[in-house]
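Participant: Can you read through this structure? Questions will come right after.
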Amino acid sequence: MPAITLYSTPLSGHCHRVTLLLNMLSLPFEATEAGADVRKTEEFARLNPLRQIPVLIDGGHVLTDSNAILVYLVKRYAPDSHWLPEDPLQAAEVQKWLSRAAGEVRFGPASARMVKQFSAPEIYESALQISAKFLPQLEKHLESREFLATERATIADLACYSYVATAPEGGVSLTGYPAIQRWLARIESLPGFTPLPALPLPEIVG
């Protein structure tokens, strides 16, 4: 059995970013389905009192929060790699985009997708407003570079990819953002890439 277990669901972008890194680092792991019913159990609450996914178990270590898991996996299995540079300025750039993944990406395109696809109790208009402000900023940033933080892919790219790529599933159009589309294609061409399962597209806004 693999030493690593990932509690996840196939449609979660937070889980997808971890799955991408596991695959790209060629780390064998066991994916354990952790749908809503599983997350309500006391057994799961012992792993993560917040009852959120993903949860990664590596030997005796239990890790929560997708971005924290990305940092752990690189530090543990790919130290000194391009995924999380040691250079202070580059490391700061990675951290900045991890923060944006947890901020604008989460409350913009990710929230819109959650509302449209899963009827999440979030404010759709707010998600659209945040997306409308963030995506042009992301487009401008990517017009002169191939990846978000450095000249090579980092965990920042993986953290932001999943919910930006699936923005149309939340009714947020990526038409008119050619630099973003080129960046998405670069991530999709990386060895070990696997896509999120596609969901039906709702009416596109903008």
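Residues in the structure tokens are numbered from 1 in each chain, the chains being A, B, ... in the order shown, and ligands are numbered from 1 in the order shown.
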Would you tabulate, counting only C-alpha atoms, all residues of stretch 78-196 of chain A that have an atom at most 6 Å from an atom of stretch 200-204 of chain A, showing the closest pair of atoms and their distance in Å to one decimal, sorted by chain then ascending number, as JSON lines?

Facilitator:
```
{"residue": "A:Glu169", "atom": "CA", "partner": "A:Leu201", "partner_atom": "CA", "distance": 4.9}
{"residue": "A:Gly171", "atom": "CA", "partner": "A:Ile204", "partner_atom": "CA", "distance": 4.1}
{"residue": "A:Val172", "atom": "CA", "partner": "A:Ile204", "partner_atom": "CA", "distance": 5.6}
{"residue": "A:Ser173", "atom": "CA", "partner": "A:Ile204", "partner_atom": "CA", "distance": 5.6}
```

Participant: Based on the selection just made, write C-alpha atoms of those residues as a PDB file, in the first residue's frame.

Facilitator:
```
ATOM      1  CA  GLU A 169     -18.296  26.088 -14.882  1.00  0.00           C
ATOM      2  CA  GLY A 171     -20.505  31.077 -15.453  1.00  0.00           C
ATOM      3  CA  VAL A 172     -17.299  33.150 -15.630  1.00  0.00           C
ATOM      4  CA  SER A 173     -15.961  33.461 -19.162  1.00  0.00           C
TER       5      SER A 173
END
```

Participant: Please provide the set of residues having any atom within 12 Å of A:Ala78, restricted to only C-alpha atoms, with same-chain residues fewer than 4 positions apart removed, written as a ChimeraX atom specification.

Facilitator: /A:21-22,24-27,70-74,82-86,154-155

Participant: Let's see if you can do this: from backbone DSSP, list all strand (DSSP E or B) residues in stretch 17-165 of chain A, as a PyMOL selection string.

Facilitator: chain A and resi 29-33+55-58+61-64

Participant: Include N, CA, C and O atoms and write out the residues we just selected as a compact mmCIF listing (two decimals), in the first residue's frame.

Facilitator:
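selection_19.txt written:
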```
# COMPACT_ATOMS: atom_id res chain seq x y z
N PHE A 29 0.13 7.19 -4.20
CA PHE A 29 -0.75 7.52 -3.09
C PHE A 29 -2.08 6.81 -3.28
O PHE A 29 -2.45 6.41 -4.39
N GLU A 30 -2.78 6.67 -2.19
CA GLU A 30 -4.13 6.08 -2.21
C GLU A 30 -5.14 7.21 -2.04
O GLU A 30 -5.10 7.95 -1.05
N ALA A 31 -6.02 7.37 -3.01
CA ALA A 31 -7.08 8.37 -2.92
C ALA A 31 -8.29 7.76 -2.23
O ALA A 31 -8.83 6.74 -2.67
N THR A 32 -8.70 8.35 -1.13
CA THR A 32 -9.84 7.88 -0.36
C THR A 32 -10.98 8.89 -0.49
O THR A 32 -10.80 10.07 -0.17
N GLU A 33 -12.12 8.42 -0.96
CA GLU A 33 -13.28 9.30 -1.15
C GLU A 33 -13.73 9.87 0.19
O GLU A 33 -13.91 9.14 1.17
N VAL A 55 -7.28 16.14 3.07
CA VAL A 55 -6.46 15.73 4.20
C VAL A 55 -5.45 14.73 3.66
O VAL A 55 -5.82 13.78 2.96
N LEU A 56 -4.19 14.96 3.96
CA LEU A 56 -3.13 14.05 3.51
C LEU A 56 -2.48 13.39 4.70
O LEU A 56 -2.13 14.07 5.68
N ILE A 57 -2.36 12.07 4.64
CA ILE A 57 -1.67 11.31 5.68
C ILE A 57 -0.42 10.72 5.08
O ILE A 57 -0.46 10.01 4.06
N ASP A 58 0.70 11.02 5.69
CA ASP A 58 1.99 10.51 5.23
C ASP A 58 2.70 9.91 6.42
O ASP A 58 3.25 10.63 7.27
N HIS A 61 2.06 11.44 9.91
CA HIS A 61 1.75 12.86 9.82
C HIS A 61 0.39 13.07 9.15
O HIS A 61 0.11 12.49 8.10
N VAL A 62 -0.43 13.91 9.75
CA VAL A 62 -1.72 14.28 9.19
C VAL A 62 -1.65 15.76 8.83
O VAL A 62 -1.40 16.61 9.70
N LEU A 63 -1.88 16.06 7.55
CA LEU A 63 -1.78 17.44 7.09
C LEU A 63 -3.10 17.89 6.49
O LEU A 63 -3.76 17.14 5.78
N THR A 64 -3.47 19.13 6.80
CA THR A 64 -4.68 19.74 6.26
C THR A 64 -4.31 21.05 5.59
O THR A 64 -3.19 21.55 5.74
```

Participant: According to DSSP computed on the backbone, where in stretch 24-194 of chain A is there helix (DSSP H, G or I)? Give the residues as a PyMOL selection string.

Facilitator: chain A and resi 24+36-39+42-47+66-77+88-118+124-142+155-165+167-170+178-188

Participant: Within 12 Å of stretch 4-19 of chain A, which residues of stretch 68-125 of chain A show up? Give each one with its shortest atom-to-atom distance in Å (one decimal) and the two atoms involved, counting only C-alpha atoms, rows by chain then rising residue number, as a Markdown table.

Facilitator:
```
| residue | atom | partner | partner_atom | distance |
| --- | --- | --- | --- | --- |
| A:Ala68 | CA | A:Val18 | CA | 9.8 |
| A:Ile69 | CA | A:Val18 | CA | 7.1 |
| A:Leu70 | CA | A:Val18 | CA | 6.3 |
| A:Val71 | CA | A:Val18 | CA | 10.1 |
| A:Tyr72 | CA | A:Val18 | CA | 10.6 |
| A:Leu73 | CA | A:Val18 | CA | 8.9 |
| A:Val74 | CA | A:Val18 | CA | 10.9 |
| A:Tyr77 | CA | A:Ile4 | CA | 11.9 |
| A:Leu98 | CA | A:Arg17 | CA | 11.4 |
| A:Ala101 | CA | A:His14 | CA | 9.7 |
| A:Ala102 | CA | A:His14 | CA | 9.8 |
| A:Val105 | CA | A:Gly13 | CA | 10.7 |
| A:Arg106 | CA | A:His14 | CA | 9.3 |
| A:Pro109 | CA | A:Gly13 | CA | 10.9 |
| A:Ala110 | CA | A:Gly13 | CA | 8.0 |
| A:Ser111 | CA | A:Gly13 | CA | 11.0 |
| A:Arg113 | CA | A:Gly13 | CA | 10.2 |
| A:Met114 | CA | A:Ser12 | CA | 9.6 |
| A:Gln117 | CA | A:Leu11 | CA | 10.2 |
| A:Phe118 | CA | A:Leu11 | CA | 10.4 |
```

Participant: Counting only C-alpha atoms, which of A:Ala132, A:Val38, A:Leu20, A:Ala45 gets nearest to A:Asp157?

Facilitator: A:Leu20

Participant: Fewer than 6 positions away in the same chain doesn't count, so skip those; otherwise give me all residues within 10 Å of A:Pro49, counting only C-alpha atoms, as a ChimeraX atom specification.

Facilitator: /A:39,42-43,64

Participant: Taking into account only C-alpha atoms, which residue in the set A:Pro136, A:Gly170, A:Pro54, A:Gly60 is nearest to A:Gly108?

Facilitator: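 Ranking A:Pro136, A:Gly170, A:Pro54, A:Gly60 by distance to A:Gly108, first place goes to A:Gly170.
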
Participant: Looking at A:Ala149, A:Leu138, A:Ile187, A:Ala179, which one is nearest to A:Tyr161, with distances taken over only C-alpha atoms?

Facilitator: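 Closest to A:Tyr161, using only C-alpha atoms: A:Ile187.
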
Participant: Excluding A:Ala165 and any residue of its chain fewer than 3 positions from it, enumerate the residues within 10 Å of it, using only C-alpha atoms, and give them as a list in words.

Facilitator: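 So the residues in contact are Gly13, Pro109, Ala110, Cys160, Tyr161, Ser162, Pro168, Glu169, Leu174, Ile180, Gln181, Trp183, Leu184, Ala185, Glu188, Pro195 and Leu196 of chain A.
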
Participant: Write a file of the selected residues as a short mmCIF file (atom, residue, chain, number, x, y, z; two decimals), in the first residue's frame, keeping N, CA and C atoms.

Facilitator:
```cif
data_model
loop_
_atom_site.label_atom_id
_atom_site.label_comp_id
_atom_site.auth_asym_id
_atom_site.auth_seq_id
_atom_site.Cartn_x
_atom_site.Cartn_y
_atom_site.Cartn_z
N GLY A 13 -11.44 21.41 -6.48
CA GLY A 13 -10.22 22.03 -6.97
C GLY A 13 -9.12 22.06 -5.93
N PRO A 109 -13.63 32.97 -8.90
CA PRO A 109 -14.09 31.88 -9.76
C PRO A 109 -14.45 30.60 -9.02
N ALA A 110 -13.74 30.28 -7.94
CA ALA A 110 -14.09 29.06 -7.20
C ALA A 110 -15.47 29.19 -6.57
N CYS A 160 -3.31 27.89 -8.16
CA CYS A 160 -4.24 28.78 -8.85
C CYS A 160 -4.92 28.12 -10.05
N TYR A 161 -4.31 27.08 -10.59
CA TYR A 161 -4.79 26.52 -11.86
C TYR A 161 -6.23 26.02 -11.80
N SER A 162 -6.54 25.16 -10.86
CA SER A 162 -7.77 24.36 -10.93
C SER A 162 -9.03 25.22 -11.03
N PRO A 168 -15.35 28.80 -16.25
CA PRO A 168 -16.59 28.73 -17.03
C PRO A 168 -17.67 27.87 -16.40
N GLU A 169 -17.29 26.90 -15.56
CA GLU A 169 -18.30 26.09 -14.88
C GLU A 169 -19.06 26.89 -13.82
N LEU A 174 -13.70 32.91 -19.81
CA LEU A 174 -12.27 33.17 -20.01
C LEU A 174 -11.99 33.69 -21.41
N ILE A 180 -4.06 34.11 -20.11
CA ILE A 180 -4.50 33.11 -19.14
C ILE A 180 -4.69 31.76 -19.82
N GLN A 181 -5.27 31.76 -21.00
CA GLN A 181 -5.49 30.50 -21.70
C GLN A 181 -4.17 29.84 -22.08
N TRP A 183 -1.38 30.16 -20.38
CA TRP A 183 -0.85 29.65 -19.11
C TRP A 183 -1.53 28.35 -18.71
N LEU A 184 -2.84 28.28 -18.85
CA LEU A 184 -3.54 27.03 -18.54
C LEU A 184 -3.02 25.90 -19.41
N ALA A 185 -2.79 26.17 -20.69
CA ALA A 185 -2.27 25.13 -21.59
C ALA A 185 -0.87 24.69 -21.17
N GLU A 188 -1.27 22.30 -18.37
CA GLU A 188 -1.84 21.05 -18.87
C GLU A 188 -0.83 20.23 -19.66
N PRO A 195 -6.70 16.19 -15.64
CA PRO A 195 -7.72 17.23 -15.53
C PRO A 195 -8.76 16.91 -14.47
N LEU A 196 -9.43 17.96 -14.02
CA LEU A 196 -10.64 17.77 -13.24
C LEU A 196 -11.74 17.23 -14.14
#
```

Participant: One decimal, Å: what's the distance from atom CA of A:Glu93 over to atom CA of A:His141, could you say?

Facilitator: 12.4 Å

Participant: Which value, in Å to one decimal, gives the distance between atom CA of A:Lys116 and atom CA of A:Asn23?

Facilitator: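 Interatomic distance here is 28.7 Å.
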
Participant: One decimal, Å: what's the distance from atom CA of A:Leu190 over to atom CA of A:Leu142, could you say?

Facilitator: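 Separation of atom CA of A:Leu190 and atom CA of A:Leu142: 17.4 Å.
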